[in-house]
Structure formats: structure tokens, C-alpha cells
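J.: Submitted below is the structure of interest, expressed as C-alpha cells.
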Amino acid sequence: MEVLWEASDPLTVRQVSEHLSERGLAHTTVMTVLDRLSKKGFARRERDGRAWRYRAAGSRELYVTELMLNALDQTGDRQAALTRFARSVSGTEARMLRRALEALGEGTGS
Amino acid sequence: MQVSASVLILTAVAACCVAASHALTAARWPRRSPAATILLWQALGLGWGLAAVGALAGLGGAGRGGAGPGGTGPDGTGRRFGVVGAAFLQAARFVRSATSSVSGAPGLLSVRLAALAAGLVLLLLLCWVLLAASAAVLRGRQRQRALLSLLAHGDPKVPGALVVDYPAAAAYCLPGLRSAIVFSSGTLELLDQAELAAVLAHERAHLRERHDLVLLPFTALLRAFRWSAVAREAHRAVALLVEMHADDRVLRHRSARELATALLRVGAAGGGQAPAGALAASGAGLESEVAARVTRLLKPAPGLSAPALVLVGAAAALAVAIPVAVLALPF
């Protein structure tokens, strides 16, 4: 997937294999991984003569944002999918928490 | 119209469960023993569901011509099955004989049928939302796992956890058979080593004790009764108690201070950094959550006394035992 994100043009399986040559992966392994990625919707593929060309369906940033939005989402429905350590808050409450933290720091100093 | 004693008992139990839930959300003492109170919440939820479905079914099947308690038919077959069995026998009999041989007035009959239908709908609704909530949760986790497999990497600062490069503070766990604890890189910069260890211990407690399964029925209830303030409050109360319980588990190995500062830092770091929309849904009242946990860590109140715990346990047992007894035992 890293290879697809870095490439500007759609890549064939062989080209991806070349990028990963230092890992010594078999051609078929790369093909299987790319096939799986496209089935999951992370990569798109198009015919180019006799070979498939793959490209990333979305940017890395897009997926990171989706992942973290899910994690930070505060609505009731998704809460059961994962459990957050603490809600991040903003505005007056964040200021209040910062003050509490400072007070705590002073407490250690004295 | 005659209403049998079992229907009255079940109605009373259902009403008591709702009233107790309401009182429980306002009370302060649950924070002193989260584990016991979580048990009570579960009992109240289960008791309410059994009692409400049973009461409606019992009302619907309250015997031909308002026969004795439990709504038993003249042949006594209903006696063996309790209220729900009698209700369904009555329904089957009604379908067989249509309106001709039923003795009650037509108006009374339609009330009974409506109650029976309402009981059935409630039962199906409760089962359905539980399945739907489970399916939604599993789908969400599958997507998270797929994304994590592409994006996350390990980090020696948090052994065993996954790290995603993202500036805002976020730490969470993904429960399930293939569980994972996830940190944003922003969190790693924000917290020191001891605080990270406290957060890890907190999330491990969630995973080890499957707190997601504790919360699932309450999420399902919330889906079913979105309009209900009690369902909303119950969900929030249980979620907070689960967090407090995990906090308690951390204190076995780490200091309260490490956990409290970690909570404050993660809580305070959110402002402005989280993508728009992520925080929009957090309304008023949520701010007390982090503050309540920190206060509890820094100024710990003693746990509930043994008699109080026995009382909580007894209340939980009664909330389930009464409806089960009424529904299962022949009267």
C-alpha cells in the first residue's frame, strides 16, 4: 500500500514487485495482496492490455482521518465499537482541565 | 376488565426498574463501587425487559372471560407455562375459533389483542436492536482493523499497542477476539512514559474484562428508545462506571497521580486539534466525565461498606428474580 501511495501513476503488479524487491516477495504474493486490497476497496484497478494496473483508492491522510474520526466520534452509536481512554474537550472545559493540571504540578513542587 | 395478579406484579417491577434507573443516574454513591453498580444496572435492564414483555403478554392472554391469575385456560394447560405460555395459548385459541366462541365483550377483546401485539413487538424490538447493535459494532471494528492494518505501526514507547500518525490526542482500544490498543502519535508526544503505562493498563483492563460487552445492551437500548431520557442517561452512567472501574484496575499497578495527569492532558489537548465535527456531538454535561474521574482518583472516597454492597446485590437479584419467578412458575 505504501508503494501505491507514493506512486503518482497506477502500477502493475510487476512494478510494485520491483519497488519491494529488497523484501524478496514472490510475484504471486504481491498479486494476492493487491487483489485483496482492491477487494476491500483500498485500491482500484484497471485493465491495461493483459495486466491490471493498481492505484490507491484514497490518500493515506483520508484513511487516517476516517480512522481517527471514528475514534474521536462522540455519538452514542459507535461507542460500543471501541472504548476511548478519555474524551478530548475544547473551550472552557479544556481551560479548566489545564488549570487543574497546573495546580497539580504546583502541588508536587511544594 | 379483570387483570391478573401476575400482570400487576410485572407492571410494578417494570415501573420500579425505570424509577430505580432514574434514581441511580442522579446518585453519587455508585462512583464508590463501580463494579457492584454495573451489576445492578445490568439487572435493572434485564428485569425491565422481562417484566415489560411479560406484563403485556399476560394482559393480552388473561384467560377467556378473565379467568384466574396467570390467565389459565379451562383445561389448565396454561398453568404449566406461566403467563407467557398462557398468552400464546390464548392467541392460538383465538386464531382457531375466530370471534365466535370468545366470551369477552368485543371491546375488551381488542384491548387484549393490542396488549398481546404490543408485548410481541416489544420482545422482537429488543431482540432486533441487540442484534443490530452487535452487527454495527462488528462492522465498525472490521473497518477499523482493516484501516489499522494499513496505517498503524508499533512503537517501543507503548509495547503491544499500535500507533497511528495523527497530531491530536487519541487513545482507545478495539475489543474483540483480535483486540488492539491504539494510540495517536500525538498522544505519545503529549504523555510521559509513566502516564503512557497508566493509559495502557487502563485499556488492557477494558480488553481483559470485555467491558464492550457490558456496554452493548445499553447501546442497543439507546437505539431502541432514542427519545427516552432514561435510556440516554443509563447509557452514559454505565459508560462512565465502566471507565471508573477500569481506572480502579489501573491503581493496582500504577499511581493515581499518573493516571489523573494522563486524563487531564488527553482531555485538555483536544481543543482545536480534532477535526471539525468530531467534537460537535459532545454536548453539555459531558465535561463532567473527565473531571469526575480525576476527582475520584485524587480524592478517593472509601468503597461501599459490606452491608451496602449486600443491599445492592439484593436489589439486583430481586430485579431479575421477581419477573423470572412470575413468568416461569405456575400460579
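Residues in the C-alpha cells are named by chain (A, B, ... in the order shown) and by number from 1 within that chain; ligands are numbered from 1 in the order shown.
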Taking the DSSP secondary structure from the backbone, can you list the residues of segment 85-225 of chain B that are helix (DSSP H, G or I), as an MDAnalysis selection string?

T.: chainID B and resid 85:97 106:151 185:190 193:208 211:224

J.: Can you tell me, as a short mmCIF file (atom, residue, chain, number, x, y, z; two decimals) with C-alpha atoms, in the first residue's frame, what residues are no more than 12 Å from segment 128-133 of chain B when counting only C-alpha atoms, ignoring any on the same chain fewer than 3 positions away?

T.:
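Saved to part11.cif:
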```
data_model
loop_
_atom_site.label_atom_id
_atom_site.label_comp_id
_atom_site.auth_asym_id
_atom_site.auth_seq_id
_atom_site.Cartn_x
_atom_site.Cartn_y
_atom_site.Cartn_z
CA GLY A 76 -23.78 7.03 21.08
CA ASP A 77 -23.98 4.54 18.24
CA ARG A 78 -20.34 3.88 17.63
CA GLN A 79 -19.28 3.96 21.23
CA ALA A 80 -19.52 0.24 21.63
CA ALA A 81 -17.17 -0.41 18.71
CA LEU B 120 -44.70 -9.28 20.94
CA VAL B 121 -43.49 -6.12 19.20
CA LEU B 122 -41.51 -5.09 22.28
CA LEU B 123 -39.91 -8.54 22.52
CA LEU B 124 -38.98 -8.54 18.84
CA LEU B 125 -37.75 -4.94 19.06
CA ALA B 136 -22.98 -2.40 13.67
CA VAL B 137 -20.25 -2.83 16.26
CA LEU B 138 -18.70 -5.77 14.41
CA ARG B 139 -18.79 -3.86 11.11
CA GLY B 140 -17.19 -0.82 12.70
CA ASP B 212 -17.57 -3.60 25.50
CA LEU B 213 -19.99 -6.48 26.14
CA LEU B 215 -21.98 -1.61 27.36
CA LEU B 216 -23.52 -3.31 24.32
CA PRO B 217 -27.05 -3.93 25.71
CA PHE B 218 -27.26 -0.32 26.85
CA THR B 219 -26.20 0.91 23.41
CA ALA B 220 -28.92 -1.32 21.98
CA LEU B 221 -31.49 0.13 24.39
CA LEU B 222 -30.44 3.61 23.36
CA ARG B 223 -31.01 2.68 19.71
CA ALA B 224 -34.47 1.37 20.53
CA PHE B 225 -35.53 4.29 22.72
CA ARG B 226 -33.65 7.24 21.34
#
```

J.: Show me, as a list in words, the residues that have an atom within 9 Å of Arg249 of chain B when counting only C-alpha atoms, minus same-chain residues fewer than 6 positions from it.

T.: Ala201, His202 and Ala205 of chain B

J.: Using N, CA, C and O atoms, can you write the selected residues to a file as a PDB file, in the first residue's frame?

T.:
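Written output follows (selection-v9.pdb):
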```
ATOM      1  N   ALA B 201      -2.436   0.357  30.826  1.00  0.00           N
ATOM      2  CA  ALA B 201      -3.053  -0.515  31.839  1.00  0.00           C
ATOM      3  C   ALA B 201      -4.563  -0.343  31.838  1.00  0.00           C
ATOM      4  O   ALA B 201      -5.315  -1.318  31.979  1.00  0.00           O
ATOM      5  N   HIS B 202      -5.019   0.900  31.670  1.00  0.00           N
ATOM      6  CA  HIS B 202      -6.455   1.186  31.636  1.00  0.00           C
ATOM      7  C   HIS B 202      -7.116   0.463  30.453  1.00  0.00           C
ATOM      8  O   HIS B 202      -8.140  -0.206  30.613  1.00  0.00           O
ATOM      9  N   ALA B 205      -7.276  -3.267  30.865  1.00  0.00           N
ATOM     10  CA  ALA B 205      -8.369  -3.679  31.757  1.00  0.00           C
ATOM     11  C   ALA B 205      -9.676  -3.775  30.978  1.00  0.00           C
ATOM     12  O   ALA B 205     -10.448  -4.724  31.148  1.00  0.00           O
TER      13      ALA B 205
END
```

J.: Calculate how many Å separate atom CA of Leu126 of chain B from atom CA of Ala5 of chain B, rounding to one decimal.

T.: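 Between atom CA of Leu126 of chain B and atom CA of Ala5 of chain B the gap is 24.9 Å.
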
J.: Can you tell me which residues surround Ala55 of chain B at a distance of at most 9 Å, considering only C-alpha atoms, apart from same-chain residues fewer than 5 positions away, and format the answer as a list in words?

T.: Ser6, Val7, Leu8, Ile9, Leu10, Thr11, Ala14, Leu50, Gly60, Val83, Val84, Ala115 and Gly119 of chain B

J.: Okay, now the selection with all heavy atoms, as a compact mmCIF listing (two decimals), in the first residue's frame?

T.:
```
# COMPACT_ATOMS: atom_id res chain seq x y z
N SER B 6 -50.40 -11.54 38.43
CA SER B 6 -49.05 -11.57 37.85
C SER B 6 -48.80 -10.38 36.94
O SER B 6 -47.70 -9.84 36.90
CB SER B 6 -48.84 -12.88 37.10
OG SER B 6 -49.94 -13.16 36.28
N VAL B 7 -49.86 -9.96 36.23
CA VAL B 7 -49.70 -8.80 35.36
C VAL B 7 -49.41 -7.56 36.21
O VAL B 7 -48.54 -6.75 35.88
CB VAL B 7 -50.97 -8.58 34.51
CG1 VAL B 7 -50.89 -7.23 33.79
CG2 VAL B 7 -51.11 -9.70 33.50
N LEU B 8 -50.13 -7.44 37.32
CA LEU B 8 -49.90 -6.30 38.21
C LEU B 8 -48.47 -6.31 38.76
O LEU B 8 -47.79 -5.29 38.78
CB LEU B 8 -50.89 -6.33 39.38
CG LEU B 8 -52.32 -5.91 39.02
CD1 LEU B 8 -53.23 -6.01 40.25
CD2 LEU B 8 -52.34 -4.50 38.45
N ILE B 9 -48.00 -7.48 39.18
CA ILE B 9 -46.63 -7.57 39.73
C ILE B 9 -45.62 -7.18 38.67
O ILE B 9 -44.71 -6.39 38.91
CB ILE B 9 -46.35 -9.02 40.23
CG1 ILE B 9 -47.26 -9.34 41.41
CG2 ILE B 9 -44.88 -9.16 40.63
CD1 ILE B 9 -47.17 -10.78 41.86
N LEU B 10 -45.81 -7.72 37.45
CA LEU B 10 -44.84 -7.43 36.39
C LEU B 10 -44.83 -5.95 36.03
O LEU B 10 -43.78 -5.36 35.81
CB LEU B 10 -45.17 -8.27 35.15
CG LEU B 10 -44.90 -9.76 35.28
CD1 LEU B 10 -45.42 -10.52 34.08
CD2 LEU B 10 -43.41 -10.02 35.46
N THR B 11 -46.03 -5.36 35.99
CA THR B 11 -46.10 -3.92 35.70
C THR B 11 -45.37 -3.13 36.77
O THR B 11 -44.62 -2.19 36.47
CB THR B 11 -47.57 -3.47 35.64
OG1 THR B 11 -48.28 -4.37 34.80
CG2 THR B 11 -47.68 -2.06 35.07
N ALA B 14 -41.61 -3.48 36.30
CA ALA B 14 -41.12 -2.67 35.17
C ALA B 14 -41.04 -1.20 35.59
O ALA B 14 -40.06 -0.52 35.31
CB ALA B 14 -42.03 -2.84 33.96
N LEU B 50 -37.82 -8.18 30.84
CA LEU B 50 -38.66 -9.35 31.14
C LEU B 50 -40.03 -8.93 31.64
O LEU B 50 -41.07 -9.44 31.19
CB LEU B 50 -37.98 -10.22 32.21
CG LEU B 50 -36.74 -10.99 31.79
CD1 LEU B 50 -36.08 -11.64 33.00
CD2 LEU B 50 -37.11 -12.04 30.76
N GLY B 60 -52.57 -9.51 27.49
CA GLY B 60 -53.18 -9.97 26.24
C GLY B 60 -53.81 -11.35 26.38
O GLY B 60 -54.84 -11.63 25.78
N VAL B 83 -47.31 -17.11 32.57
CA VAL B 83 -48.04 -16.04 31.89
C VAL B 83 -47.83 -16.05 30.38
O VAL B 83 -48.78 -16.00 29.60
CB VAL B 83 -47.62 -14.67 32.46
CG1 VAL B 83 -48.33 -13.56 31.70
CG2 VAL B 83 -47.95 -14.61 33.93
N VAL B 84 -46.57 -16.15 29.96
CA VAL B 84 -46.29 -16.03 28.54
C VAL B 84 -46.88 -17.21 27.78
O VAL B 84 -47.52 -17.05 26.73
CB VAL B 84 -44.77 -15.92 28.29
CG1 VAL B 84 -44.47 -15.97 26.81
CG2 VAL B 84 -44.25 -14.63 28.87
N ALA B 115 -52.66 -5.46 23.53
CA ALA B 115 -51.61 -5.66 24.53
C ALA B 115 -50.69 -6.80 24.12
O ALA B 115 -49.46 -6.70 24.24
CB ALA B 115 -52.25 -5.95 25.89
N GLY B 119 -46.77 -6.53 23.34
CA GLY B 119 -45.77 -7.35 24.01
C GLY B 119 -44.85 -8.04 23.03
O GLY B 119 -43.63 -8.06 23.18
```

J.: Using only C-alpha atoms for the distances, tell me which of B:Ala12, B:Leu150, B:Leu59, B:Ala20 is nearest to Tyr63 of chain A.

T.: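 Residue with the minimum atom-to-atom distance to Tyr63 of chain A: B:Leu150.
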
J.: Just to confirm, what's the straight-line distance from atom CA of Asp192 of chain B to atom CA of Leu259 of chain B in Å (one decimal)?

T.: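 Result for atom CA of Asp192 of chain B versus atom CA of Leu259 of chain B: 11.1 Å, one decimal.
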
J.: Just the strand (DSSP E or B) stuff from segment 113-294 of chain B, please, per backbone DSSP, written as a ChimeraX atom specification.

T.: /B:153,162-164,171-174,180-184

J.: Using N, CA and C atoms, can you write the selected residues to a file as a PDB file, in the first residue's frame?

T.:
```pdb
ATOM      1  N   HIS B 153       1.580   1.318  13.060  1.00  0.00           N
ATOM      2  CA  HIS B 153       2.876   0.680  13.271  1.00  0.00           C
ATOM      3  C   HIS B 153       3.119   0.584  14.771  1.00  0.00           C
ATOM      4  N   LEU B 162      -0.689  -0.249  19.016  1.00  0.00           N
ATOM      5  CA  LEU B 162      -0.484   0.262  17.663  1.00  0.00           C
ATOM      6  C   LEU B 162      -0.450   1.781  17.697  1.00  0.00           C
ATOM      7  N   VAL B 163       0.323   2.352  16.792  1.00  0.00           N
ATOM      8  CA  VAL B 163       0.427   3.813  16.737  1.00  0.00           C
ATOM      9  C   VAL B 163       0.040   4.285  15.346  1.00  0.00           C
ATOM     10  N   VAL B 164      -0.802   5.317  15.301  1.00  0.00           N
ATOM     11  CA  VAL B 164      -1.206   5.932  14.037  1.00  0.00           C
ATOM     12  C   VAL B 164      -0.697   7.368  14.041  1.00  0.00           C
ATOM     13  N   ALA B 171      -6.515   7.910  22.336  1.00  0.00           N
ATOM     14  CA  ALA B 171      -6.094   6.584  22.795  1.00  0.00           C
ATOM     15  C   ALA B 171      -7.357   5.779  22.984  1.00  0.00           C
ATOM     16  N   TYR B 172      -7.392   4.604  22.384  1.00  0.00           N
ATOM     17  CA  TYR B 172      -8.592   3.788  22.529  1.00  0.00           C
ATOM     18  C   TYR B 172      -8.256   2.331  22.335  1.00  0.00           C
ATOM     19  N   CYS B 173      -9.217   1.491  22.688  1.00  0.00           N
ATOM     20  CA  CYS B 173      -8.993   0.079  22.446  1.00  0.00           C
ATOM     21  C   CYS B 173     -10.085  -0.468  21.558  1.00  0.00           C
ATOM     22  N   LEU B 174      -9.701  -1.459  20.793  1.00  0.00           N
ATOM     23  CA  LEU B 174     -10.596  -2.105  19.851  1.00  0.00           C
ATOM     24  C   LEU B 174     -10.839  -3.506  20.404  1.00  0.00           C
ATOM     25  N   ALA B 180      -7.012  -4.766  19.956  1.00  0.00           N
ATOM     26  CA  ALA B 180      -5.865  -3.887  19.746  1.00  0.00           C
ATOM     27  C   ALA B 180      -6.022  -2.646  20.602  1.00  0.00           C
ATOM     28  N   ILE B 181      -4.902  -2.097  21.026  1.00  0.00           N
ATOM     29  CA  ILE B 181      -4.896  -0.813  21.704  1.00  0.00           C
ATOM     30  C   ILE B 181      -4.217   0.174  20.762  1.00  0.00           C
ATOM     31  N   VAL B 182      -4.856   1.305  20.546  1.00  0.00           N
ATOM     32  CA  VAL B 182      -4.374   2.242  19.540  1.00  0.00           C
ATOM     33  C   VAL B 182      -4.057   3.595  20.180  1.00  0.00           C
ATOM     34  N   PHE B 183      -2.886   4.138  19.838  1.00  0.00           N
ATOM     35  CA  PHE B 183      -2.510   5.480  20.273  1.00  0.00           C
ATOM     36  C   PHE B 183      -2.282   6.337  19.038  1.00  0.00           C
ATOM     37  N   SER B 184      -2.616   7.609  19.097  1.00  0.00           N
ATOM     38  CA  SER B 184      -2.178   8.518  18.046  1.00  0.00           C
ATOM     39  C   SER B 184      -0.764   8.972  18.401  1.00  0.00           C
TER      40      SER B 184
END
```

J.: Just how far from atom CA of Glu243 of chain B is atom CA of Tyr166 of chain B, in Å to one decimal?

T.: 24.0 Å

J.: Residues near Ala7 of chain A, anyone? I mean within 12 Å using only C-alpha atoms, not counting same-chain ones fewer than 2 positions away, as JSON, numbers by chain.

T.: {"A": [1, 2, 3, 4, 5, 9, 10, 11, 12, 15, 16, 19, 53, 54, 55, 56, 59]}

J.: Restricted to C-alpha atoms, what would the selected residues look like written as a PDB file, in the first residue's frame?

T.:
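File part.pdb, as written:
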```pdb
ATOM      1  CA  MET A   1       0.000   0.000   0.000  1.00  0.00           C
ATOM      2  CA  GLU A   2       2.898   2.348   0.777  1.00  0.00           C
ATOM      3  CA  VAL A   3       4.159   1.818  -2.763  1.00  0.00           C
ATOM      4  CA  LEU A   4       0.777   2.707  -4.240  1.00  0.00           C
ATOM      5  CA  TRP A   5       0.521   5.833  -2.072  1.00  0.00           C
ATOM      6  CA  ASP A   9       0.610   6.644 -11.726  1.00  0.00           C
ATOM      7  CA  PRO A  10      -1.232   3.322 -11.486  1.00  0.00           C
ATOM      8  CA  LEU A  11       1.232   0.456 -11.140  1.00  0.00           C
ATOM      9  CA  THR A  12       1.240  -3.063 -12.489  1.00  0.00           C
ATOM     10  CA  GLN A  15       6.193  -2.603 -10.919  1.00  0.00           C
ATOM     11  CA  VAL A  16       5.025  -2.997  -7.327  1.00  0.00           C
ATOM     12  CA  HIS A  19       9.599  -1.448  -5.615  1.00  0.00           C
ATOM     13  CA  ARG A  53      -2.853  -1.570 -13.038  1.00  0.00           C
ATOM     14  CA  TYR A  54      -3.459  -0.649  -9.401  1.00  0.00           C
ATOM     15  CA  ARG A  55      -3.692   2.693  -7.689  1.00  0.00           C
ATOM     16  CA  ALA A  56      -4.673   3.732  -4.177  1.00  0.00           C
ATOM     17  CA  SER A  59      -4.861   9.041   0.146  1.00  0.00           C
TER      18      SER A  59
END
```
